[in-house]
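Colleague: One structure, as structure tokens, below. Some questions next.
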Amino acid sequence: MTEVTDSGFLGTGWAFPVGHDPEQGIRLTGSGAEAIRQSIWLILGTAPGERVMRPDFGCGIHDAVFDVNDASTAGRVSRSVREALTRWEPRIDVLDVYAAPDPEDRHRLLIEINYRMRSNNSRFNLVYPFYAI
């Protein structure tokens, strides 16, 4: 199964997180909105330098793991997320990125991402929990 977008040709790959499908073996990515959601999680969960063949891939939020969970860190994290998604996910337009400490867990920073799919102008929201120490 393939998907053609205005940004080029995209194939189907392993789903994230990797899992088992009784019919196909390895679980594959969904299409459309689900594939984009998985891609965003993958971009945010990968630190630059983590991939050998693509050392610049990922998001710089991992540099903030040991920072104080305050407004300054939230601002830097928001900027890093916006830059990474703009660079690595061409199927979306990033509308807003908000980061704020979780009121229930002082070690968690909640990153809210509002984006629009370029293919059909549908708007989506994703909240990514980031743990700072």
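To be explicit about the labels: the chains of the structure tokens are called A, B, and onward in the order shown, and within each one the residues are counted from 1, while ligands get numbers from 1 in the order they are shown.
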Excluding Ala64 of chain A and residues on its chain fewer than 6 positions from it, collect all residues at most 8 Å away from it, counting only C-alpha atoms, and give them as JSON, numbers by chain.
Modeller: {"A": [73, 77, 132]}
Colleague: Can you write just those residues out, C-alpha atoms, as an mmCIF file, in the first residue's frame?
Modeller:
```cif
data_model
loop_
_atom_site.group_PDB
_atom_site.id
_atom_site.type_symbol
_atom_site.label_atom_id
_atom_site.label_comp_id
_atom_site.auth_asym_id
_atom_site.auth_seq_id
_atom_site.Cartn_x
_atom_site.Cartn_y
_atom_site.Cartn_z
ATOM 1 C CA THR A 73 12.282 25.107 29.530
ATOM 2 C CA VAL A 77 10.938 22.696 24.142
ATOM 3 C CA ALA A 132 12.054 16.223 32.799
#
```
Colleague: Write out as a list of chain:residue names all residues of segment 38-111 of chain A that DSSP puts in strand (DSSP E or B) for this structure's backbone.
Modeller: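 Everything in segment 38-111 of chain A that counts as strand (DSSP E or B) is A:Ile92, A:Asp93, A:Val94, A:Leu95, A:Asp96, A:Val97, A:Tyr98, A:Ala99, A:Ala100, A:Pro101, A:Asp102, A:Asp105, A:Arg106, A:His107, A:Arg108, A:Leu109, A:Leu110, A:Ile111.
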Colleague: Find the distance between atom CA of Ser39 of chain A and atom CA of Cys59 of chain A and write it in Å to one decimal.
Modeller: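 Atom CA of Ser39 of chain A sits 12.1 Å away from atom CA of Cys59 of chain A.
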Colleague: Please build the interface table for segment 34-61 of chain A against segment 113-131 of chain A with a cut-off of 10 Å, listing for each qualifying residue the nearest atom pair and the distance in Å to one decimal; count only C-alpha atoms, order rows by chain and increasing number, and write it as a Markdown table.
Modeller:
```
| residue | atom | partner | partner_atom | distance |
| --- | --- | --- | --- | --- |
| A:Ile36 | CA | A:Met117 | CA | 8.4 |
| A:Arg37 | CA | A:Leu126 | CA | 7.8 |
| A:Ile40 | CA | A:Leu126 | CA | 8.9 |
| A:Trp41 | CA | A:Tyr128 | CA | 7.7 |
| A:Leu44 | CA | A:Tyr128 | CA | 8.3 |
| A:Gly45 | CA | A:Phe130 | CA | 9.3 |
| A:Ile61 | CA | A:Phe130 | CA | 8.4 |
```
Colleague: Could you turn the residues from that selection into a file that holds C-alpha atoms, as a compact mmCIF listing (two decimals), in the first residue's frame?
Modeller:
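Dumped to result27.txt:
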```txt
# COMPACT_ATOMS: atom_id res chain seq x y z
CA ILE A 36 1.09 11.25 10.52
CA ARG A 37 0.35 10.79 14.23
CA ILE A 40 5.08 12.85 14.98
CA TRP A 41 5.60 10.48 17.93
CA LEU A 44 9.65 13.62 19.05
CA GLY A 45 10.89 10.35 20.54
CA ILE A 61 13.81 18.13 23.35
```
Colleague: Quote the spacing between atom CA of Pro90 of chain A and atom CA of Pro55 of chain A in Å to one decimal place.
Modeller: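 A separation of 18.6 Å between them.
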